[in-house]
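*Asks:* Here it is, the structure in full.
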Amino acid sequence: MTVPHVDDVHPAWLPPEAFRALGARRVLVLADASEVAETVRAEVADACARHGGAVAAPGEPYDLVLALTSDGSLPAAAQAVKGPEPGAEGFLLARSGGVTVVLADQPAGLLYGFFAVVRLGEAAFEGDRPAETHRPALARRMLDHWDNIGVHPVMGQVERGYSGGSIFWHDGVLHEDLTRVRAYARLLAATGVNAVAVNNVNVHATEARLLTDRLGEVAALAAEFRAYGIRVHLSVTFASPIVLGGLETANPVEEDVRAWWARTTERVYETIPDFGGYVVKADSEGQPGPFAYGRDHADGANMLADALAPHGGVVHWRAFVYNHRQDWRDRKTDRARAAHDHFSPLDGRFRDNAILQVKYGPIDFQTREPISPVIAAMPATKLAVELQVTQEYTGQQRHVCYLAPMWSEVLGFRFWGPGERAVADVTTSGGLVAVSNVGDDPYWTGHPLAQANLYAFGRLAWNPGLDPAAILDEWIGLTFPKGGEGLRETLHGMMDGSWRTYERYTAPLGVGFMVRPGHHYGPDVDGYEYTPWGTYHFADRDGVGVDRTRSTGTGYTGQYPAPWSQVYESRAECPDELLLFFHHVPYEHVLQSGTTVIQHIYDTHFAGAEEAAEIRALWAKLEGDDVVDPALYARVRERLDEQVRSAEEWRDQINTYFFRKSGVPDAHGRTIH
Ligand code: BDP
């Protein structure tokens, strides 16, 4: 095993410099011969070779010991460390008598402990540190790639990808050199991610074959990820028995269909013994599913769960099921209701190894949505929450939009009121999943600052209680080791509030969409208003917003438990930022903030566009400064120009639209065209 370093690709948060503190020490590794333990040895050797430290042989002095608890030759310094058992992926970290100790039960924990020491830098080798136990809060911390093998005529190669082509496939075949995949695995492991689904949830004909005759490609990817403790999962089409197996049906209760899945899955495990499992998008946006056979989604998911169970695999079954051929004249059919309507009656019917994967909001990854009520409605089902690291609706990696503050709100949301369990507590056994934002771009993520979102996703999945600003601080320290306090301040100034800034200049008060149809970039207030997709704002001359109340609307508020069902039902109590998601209100309706809806729209849009310009001005101060590489500086600068242009376009279109609809002038007399 050699540590992957790829020339011409930005090292993201693992530049060689980030390993200086550890690499300058004498390091003893006491572990088994497993592949992940070999990775830890290789990492230590690589860091020490660069920074003048040394790999210590048993008996030699050392400053850091990384050891498995099962090792027969644990030195006294390690034996003295006492704490709760670290478990499968956790580790104990302590320091006394000039020695830093990382102790783990399993090699994966050792790897995570190694990266924790890297993150701490010099602080890991200073003073004393009482034993701390670190364990991941969520069992599975997973990235879903929406990568295709081929190039889709509309979506490109990576669906909703804004960072170039796939790092897995090129020209219809697997990349010959997979070093970059290994480098990616390394970046992910440093954040705590332990699972990756390699292909798009919309499974086209070529990609369907990854399950059968192209399985070798999945095995090759699994070999790269395995070294860093990451298991590979595959998106499969529900119609596989027909399109790959030549059967006449994919009906989940037919014996030959079940037998086909069992056989096929067995072959997968013969090839990839640690294969993670399947991801399925069924009966959604044209994908096949059990409804065609009069069966429900528990029947569908359980069939796959049964095929996977003997091998220890799981099926991630997506709850993103809705009618995308809705009649816009029908004000009662509500896309927000769909997942709960379909899935809540099925609670308790899913197998233990079936995980229901629920988007954080009821619609579709908007800048602001209420938390999906499905998460509260399935106490007897394993749940995973799905986020988008890829910025489909949050600026497509042309805008700076640090998403950790939003995710932190999602994970900390308490359906049953203060003091009750949070979303993160309800999803511990399922986990956290996100759509990746990575491609073959030299900065991995198109916008270099979008790397922070990928980093933050892994860190929050490991510990949902972390403070988003503190995570950003870690990322800054690792990624820009030459940067001092000035750079730190600049980046916090640009990024900490960037999600709210983005929210200010786009669709107001939780109403969502208003984006250009198809590619979803830039404003188009009525773009989806008369389409079958079910994403409406219902603006007219009197008011705007979707009535989702029980009393007069679609009844969606009734899908929440108390207290939120009442809070959302009430115009007066509903949080301002979600008012138009839940209520259709007059333009002169007064918000809790004391401003009217129409004035709020004007104010936030003027402010949001100004803030975008301020973000750009902060970055401009770094020009010519040697703490940021000039090429990276230029790349960010070019994106910021586009962000400022786009924010002004949003401001002008939204303000003008609502001025024309309402006829209400701006209270501050600013020009609205
Ligand atoms: C939407 C995307 C679409 C995805 C879909 C999904 O626009 O490309 O296929 O989500 O999650 O946000 O399946």
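Each chain in the structure tokens gets a letter, A, B, ..., in the order shown, and its residues are numbered from 1; ligands are numbered from 1 in order too.
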Step one, run DSSP on the backbone; step two, keep only residues of segment 312-517 of chain A assigned to strand (DSSP E or B); then write them as a count of residues only.
*Replies:* 24
*Asks:* Excluding Thr428 of chain A and any residue of its chain fewer than 4 positions from it, enumerate the residues within 9 Å of it, using only C-alpha atoms, and give them as a list of chain:residue names.
*Replies:*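 Skipping anything fewer than 4 positions along the chain leaves A:Ala137, A:Leu138, A:Ala139, A:Arg140, A:Lys382, A:Leu383, A:Ala384, A:Val423, A:Ala424, A:Leu432.
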*Asks:* Select from chain A every residue with an atom at most 8 Å from any atom of ligand 1, then for each give the shortest pair of atoms and their distance in Å to one decimal, using only C-alpha atoms and all ligand atoms, rows by chain and rising number, as CSV.
*Replies:*
```
residue,atom,partner,partner_atom_place_in_ligand_line,distance
A:Met155,CA,ligand 1,8 (O),7.9
A:Glu159,CA,ligand 1,8 (O),5.9
A:Arg160,CA,ligand 1,8 (O),5.9
A:Asn200,CA,ligand 1,9 (O),8.0
A:Val201,CA,ligand 1,13 (O),6.1
A:Asn202,CA,ligand 1,9 (O),6.0
A:Lys281,CA,ligand 1,13 (O),6.6
A:Ser284,CA,ligand 1,13 (O),7.3
A:Glu285,CA,ligand 1,13 (O),7.4
A:Phe320,CA,ligand 1,11 (O),6.7
A:Asp364,CA,ligand 1,12 (O),5.3
A:Phe365,CA,ligand 1,12 (O),6.2
A:Glu392,CA,ligand 1,12 (O),7.1
A:Gly518,CA,ligand 1,7 (O),7.8
A:His519,CA,ligand 1,7 (O),8.0
A:His520,CA,ligand 1,7 (O),7.8
```
*Asks:* Please dump the current selection as a tab-separated table (two decimals), in the first residue's frame; keep all heavy atoms.
*Replies:*
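For reference, result-v4.tsv as written:
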```
chain	number	residue	atom	x	y	z
A	155	MET	N	-28.15	15.64	-18.90
A	155	MET	CA	-27.57	15.78	-17.56
A	155	MET	C	-26.05	15.76	-17.55
A	155	MET	O	-25.44	15.95	-16.51
A	155	MET	CB	-28.07	14.64	-16.64
A	155	MET	CG	-29.55	14.64	-16.40
A	155	MET	SD	-30.01	15.98	-15.31
A	155	MET	CE	-31.77	15.77	-15.29
A	159	GLU	N	-25.07	13.29	-13.00
A	159	GLU	CA	-26.35	14.01	-12.87
A	159	GLU	C	-26.25	15.01	-11.72
A	159	GLU	O	-25.82	14.66	-10.62
A	159	GLU	CB	-27.49	13.00	-12.62
A	159	GLU	CG	-28.83	13.68	-12.54
A	159	GLU	CD	-30.01	12.78	-12.91
A	159	GLU	OE1	-29.80	11.78	-13.61
A	159	GLU	OE2	-31.14	13.08	-12.49
A	160	ARG	N	-26.63	16.26	-12.01
A	160	ARG	CA	-26.52	17.35	-11.03
A	160	ARG	C	-25.09	17.50	-10.54
A	160	ARG	O	-24.85	17.83	-9.37
A	160	ARG	CB	-27.47	17.14	-9.84
A	160	ARG	CG	-28.90	16.83	-10.22
A	160	ARG	CD	-29.48	17.84	-11.17
A	160	ARG	NE	-30.87	17.52	-11.52
A	160	ARG	CZ	-31.56	18.22	-12.41
A	160	ARG	NH1	-31.01	19.23	-13.08
A	160	ARG	NH2	-32.80	17.90	-12.67
A	200	ASN	N	-25.47	6.46	-10.39
A	200	ASN	CA	-26.70	7.26	-10.34
A	200	ASN	C	-27.92	6.44	-9.90
A	200	ASN	O	-28.11	5.30	-10.32
A	200	ASN	CB	-26.93	7.80	-11.76
A	200	ASN	CG	-27.97	8.88	-11.82
A	200	ASN	OD1	-28.58	9.24	-10.82
A	200	ASN	ND2	-28.17	9.42	-13.02
A	201	VAL	N	-28.78	7.09	-9.11
A	201	VAL	CA	-30.05	6.45	-8.70
A	201	VAL	C	-31.01	6.30	-9.87
A	201	VAL	O	-31.90	5.45	-9.83
A	201	VAL	CB	-30.75	7.24	-7.58
A	201	VAL	CG1	-30.04	7.05	-6.26
A	201	VAL	CG2	-30.88	8.72	-7.92
A	202	ASN	N	-30.86	7.15	-10.89
A	202	ASN	CA	-31.59	6.92	-12.14
A	202	ASN	C	-30.71	5.95	-12.94
A	202	ASN	O	-29.70	6.36	-13.51
A	202	ASN	CB	-31.78	8.23	-12.91
A	202	ASN	CG	-32.68	9.19	-12.14
A	202	ASN	OD1	-33.70	8.79	-11.60
A	202	ASN	ND2	-32.28	10.45	-12.08
A	281	LYS	N	-34.11	3.70	-6.23
A	281	LYS	CA	-35.12	4.73	-6.48
A	281	LYS	C	-36.21	4.03	-7.28
A	281	LYS	O	-35.97	3.63	-8.42
A	281	LYS	CB	-34.50	5.88	-7.27
A	281	LYS	CG	-35.49	6.93	-7.78
A	281	LYS	CD	-34.77	8.06	-8.52
A	281	LYS	CE	-35.72	9.12	-9.01
A	281	LYS	NZ	-35.02	10.24	-9.69
A	284	SER	N	-40.53	6.46	-9.04
A	284	SER	CA	-40.24	7.88	-8.86
A	284	SER	C	-39.64	8.43	-10.13
A	284	SER	O	-38.67	7.88	-10.64
A	284	SER	CB	-39.25	8.02	-7.71
A	284	SER	OG	-38.79	9.34	-7.58
A	285	GLU	N	-40.23	9.50	-10.63
A	285	GLU	CA	-39.71	10.19	-11.81
A	285	GLU	C	-39.36	9.22	-12.94
A	285	GLU	O	-38.31	9.31	-13.57
A	285	GLU	CB	-38.49	11.04	-11.42
A	285	GLU	CG	-38.83	12.09	-10.37
A	285	GLU	CD	-37.67	12.99	-9.96
A	285	GLU	OE1	-36.51	12.56	-10.09
A	285	GLU	OE2	-37.94	14.12	-9.50
A	320	PHE	N	-38.29	8.94	-1.76
A	320	PHE	CA	-38.58	10.03	-2.72
A	320	PHE	C	-39.54	9.50	-3.78
A	320	PHE	O	-39.17	9.21	-4.91
A	320	PHE	CB	-37.25	10.47	-3.33
A	320	PHE	CG	-37.35	11.65	-4.27
A	320	PHE	CD1	-37.83	12.87	-3.84
A	320	PHE	CD2	-36.91	11.54	-5.58
A	320	PHE	CE1	-37.89	13.95	-4.71
A	320	PHE	CE2	-36.95	12.62	-6.45
A	320	PHE	CZ	-37.45	13.83	-6.02
A	364	ASP	N	-37.74	18.73	-2.27
A	364	ASP	CA	-36.55	18.34	-3.04
A	364	ASP	C	-35.35	19.25	-2.80
A	364	ASP	O	-35.03	20.07	-3.66
A	364	ASP	CB	-36.91	18.35	-4.54
A	364	ASP	CG	-35.86	17.62	-5.37
A	364	ASP	OD1	-35.03	16.92	-4.78
A	364	ASP	OD2	-35.90	17.75	-6.61
A	365	PHE	N	-34.65	19.06	-1.70
A	365	PHE	CA	-33.36	19.72	-1.50
A	365	PHE	C	-33.39	21.24	-1.70
A	365	PHE	O	-32.43	21.83	-2.22
A	365	PHE	CB	-32.31	19.15	-2.46
A	365	PHE	CG	-32.02	17.69	-2.31
A	365	PHE	CD1	-31.97	16.86	-3.43
A	365	PHE	CD2	-31.76	17.13	-1.07
A	365	PHE	CE1	-31.67	15.51	-3.32
A	365	PHE	CE2	-31.46	15.78	-0.95
A	365	PHE	CZ	-31.42	14.97	-2.07
A	392	GLU	N	-27.23	21.48	-6.15
A	392	GLU	CA	-28.22	21.60	-7.22
A	392	GLU	C	-29.08	22.86	-7.07
A	392	GLU	O	-29.26	23.61	-8.03
A	392	GLU	CB	-29.12	20.36	-7.25
A	392	GLU	CG	-30.24	20.48	-8.27
A	392	GLU	CD	-31.09	19.22	-8.38
A	392	GLU	OE1	-30.83	18.24	-7.66
A	392	GLU	OE2	-32.02	19.23	-9.20
A	518	GLY	N	-35.49	22.42	-15.54
A	518	GLY	CA	-34.49	21.53	-16.15
A	518	GLY	C	-33.18	21.60	-15.41
A	518	GLY	O	-32.89	20.75	-14.57
A	519	HIS	N	-32.39	22.68	-15.66
A	519	HIS	CA	-31.06	22.71	-15.03
A	519	HIS	C	-31.07	23.33	-13.63
A	519	HIS	O	-30.13	23.17	-12.87
A	519	HIS	CB	-30.04	23.39	-15.94
A	519	HIS	CG	-30.38	24.81	-16.30
A	519	HIS	ND1	-30.47	25.80	-15.36
A	519	HIS	CD2	-30.66	25.40	-17.50
A	519	HIS	CE1	-30.77	26.95	-15.96
A	519	HIS	NE2	-30.91	26.72	-17.26
A	520	HIS	N	-32.15	24.08	-13.29
A	520	HIS	CA	-32.33	24.58	-11.93
A	520	HIS	C	-31.36	25.65	-11.50
A	520	HIS	O	-31.14	25.85	-10.31
A	520	HIS	CB	-32.31	23.42	-10.90
A	520	HIS	CG	-33.41	22.43	-11.13
A	520	HIS	ND1	-33.44	21.17	-10.54
A	520	HIS	CD2	-34.53	22.50	-11.90
A	520	HIS	CE1	-34.52	20.53	-10.93
A	520	HIS	NE2	-35.19	21.31	-11.75
```
*Asks:* In Å, how far is it from atom CA of Glu474 of chain A to atom CA of Arg635 of chain A?
*Replies:*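 Separation between atom CA of Glu474 of chain A and atom CA of Arg635 of chain A: 22.0 Å.
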*Asks:* May I have a table of the residues of segment 429-548 of chain A lying at most 8 Å from segment 405-412 of chain A, giving each one's closest pair of atoms and their distance in Å to one decimal, counting only C-alpha atoms, ordered by chain and ascending residue number, as JSON lines?
*Replies:*
```
{"residue": "A:Leu460", "atom": "CA", "partner": "A:Ser408", "partner_atom": "CA", "distance": 7.5}
{"residue": "A:Pro464", "atom": "CA", "partner": "A:Leu411", "partner_atom": "CA", "distance": 6.4}
{"residue": "A:Gly465", "atom": "CA", "partner": "A:Ser408", "partner_atom": "CA", "distance": 7.5}
{"residue": "A:Asp467", "atom": "CA", "partner": "A:Ser408", "partner_atom": "CA", "distance": 7.8}
{"residue": "A:Pro468", "atom": "CA", "partner": "A:Pro405", "partner_atom": "CA", "distance": 5.6}
{"residue": "A:Asp496", "atom": "CA", "partner": "A:Pro405", "partner_atom": "CA", "distance": 7.9}
{"residue": "A:Trp499", "atom": "CA", "partner": "A:Met406", "partner_atom": "CA", "distance": 7.4}
```
*Asks:* For Val511 of chain A, list every protein, DNA or RNA residue within 10 Å, evaluated using only C-alpha atoms, and leave out those in the same chain fewer than 5 positions away; present the list as number ranges by chain.
*Replies:* A: 366-369, 506, 535-538, 544-546, 577-584
*Asks:* Okay, now the selection with N, CA and C atoms, as a tab-separated table (two decimals), in the first residue's frame?
*Replies:*
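Contents of the output file selection.tsv:
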```
chain	number	residue	atom	x	y	z
A	366	GLN	N	-34.51	21.88	-1.32
A	366	GLN	CA	-34.54	23.33	-1.47
A	366	GLN	C	-33.67	24.01	-0.42
A	367	THR	N	-33.42	25.30	-0.65
A	367	THR	CA	-32.58	26.07	0.28
A	367	THR	C	-33.17	26.07	1.69
A	368	ARG	N	-34.49	26.05	1.77
A	368	ARG	CA	-35.15	25.99	3.07
A	368	ARG	C	-36.41	25.16	2.93
A	369	GLU	N	-36.50	24.10	3.69
A	369	GLU	CA	-37.73	23.30	3.74
A	369	GLU	C	-37.95	22.92	5.20
A	506	THR	N	-32.72	34.46	-3.07
A	506	THR	CA	-33.46	33.51	-3.92
A	506	THR	C	-34.93	33.43	-3.47
A	535	THR	N	-44.65	21.78	-7.88
A	535	THR	CA	-43.82	22.71	-7.08
A	535	THR	C	-44.30	24.13	-7.32
A	536	TYR	N	-45.28	24.56	-6.56
A	536	TYR	CA	-45.95	25.82	-6.89
A	536	TYR	C	-45.79	26.88	-5.79
A	537	HIS	N	-46.02	28.15	-6.18
A	537	HIS	CA	-46.01	29.22	-5.18
A	537	HIS	C	-47.36	29.95	-5.12
A	538	PHE	N	-48.20	29.77	-6.13
A	538	PHE	CA	-49.57	30.31	-6.15
A	538	PHE	C	-49.63	31.83	-5.96
A	544	VAL	N	-49.34	35.27	-1.76
A	544	VAL	CA	-48.43	34.23	-2.23
A	544	VAL	C	-48.28	33.15	-1.16
A	545	GLY	N	-47.92	31.93	-1.61
A	545	GLY	CA	-47.65	30.84	-0.67
A	545	GLY	C	-48.61	29.68	-0.88
A	546	VAL	N	-48.26	28.55	-0.27
A	546	VAL	CA	-49.04	27.33	-0.46
A	546	VAL	C	-49.80	27.03	0.82
A	577	GLU	N	-39.39	32.01	8.37
A	577	GLU	CA	-38.63	31.50	7.22
A	577	GLU	C	-39.36	30.37	6.49
A	578	LEU	N	-40.46	29.85	7.10
A	578	LEU	CA	-41.21	28.79	6.43
A	578	LEU	C	-42.65	29.21	6.13
A	579	LEU	N	-42.95	30.48	6.33
A	579	LEU	CA	-44.36	30.89	6.27
A	579	LEU	C	-45.01	30.54	4.93
A	580	LEU	N	-44.31	30.82	3.83
A	580	LEU	CA	-44.94	30.59	2.52
A	580	LEU	C	-44.92	29.12	2.11
A	581	PHE	N	-44.19	28.32	2.85
A	581	PHE	CA	-44.27	26.88	2.62
A	581	PHE	C	-45.61	26.35	3.13
A	582	PHE	N	-46.09	26.96	4.21
A	582	PHE	CA	-47.29	26.44	4.89
A	582	PHE	C	-48.56	27.25	4.66
A	583	HIS	N	-48.39	28.52	4.27
A	583	HIS	CA	-49.57	29.39	4.22
A	583	HIS	C	-49.59	30.25	2.97
A	584	HIS	N	-50.80	30.48	2.48
A	584	HIS	CA	-51.00	31.48	1.42
A	584	HIS	C	-51.45	32.75	2.13
```
*Asks:* Out of A:Ser646, A:Thr501, A:Ser372, A:Gln357, which residue has the shortest atom-to-atom distance to Ala607 of chain A when counting only C-alpha atoms?
*Replies:*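 The closest residue to Ala607 of chain A is A:Thr501.
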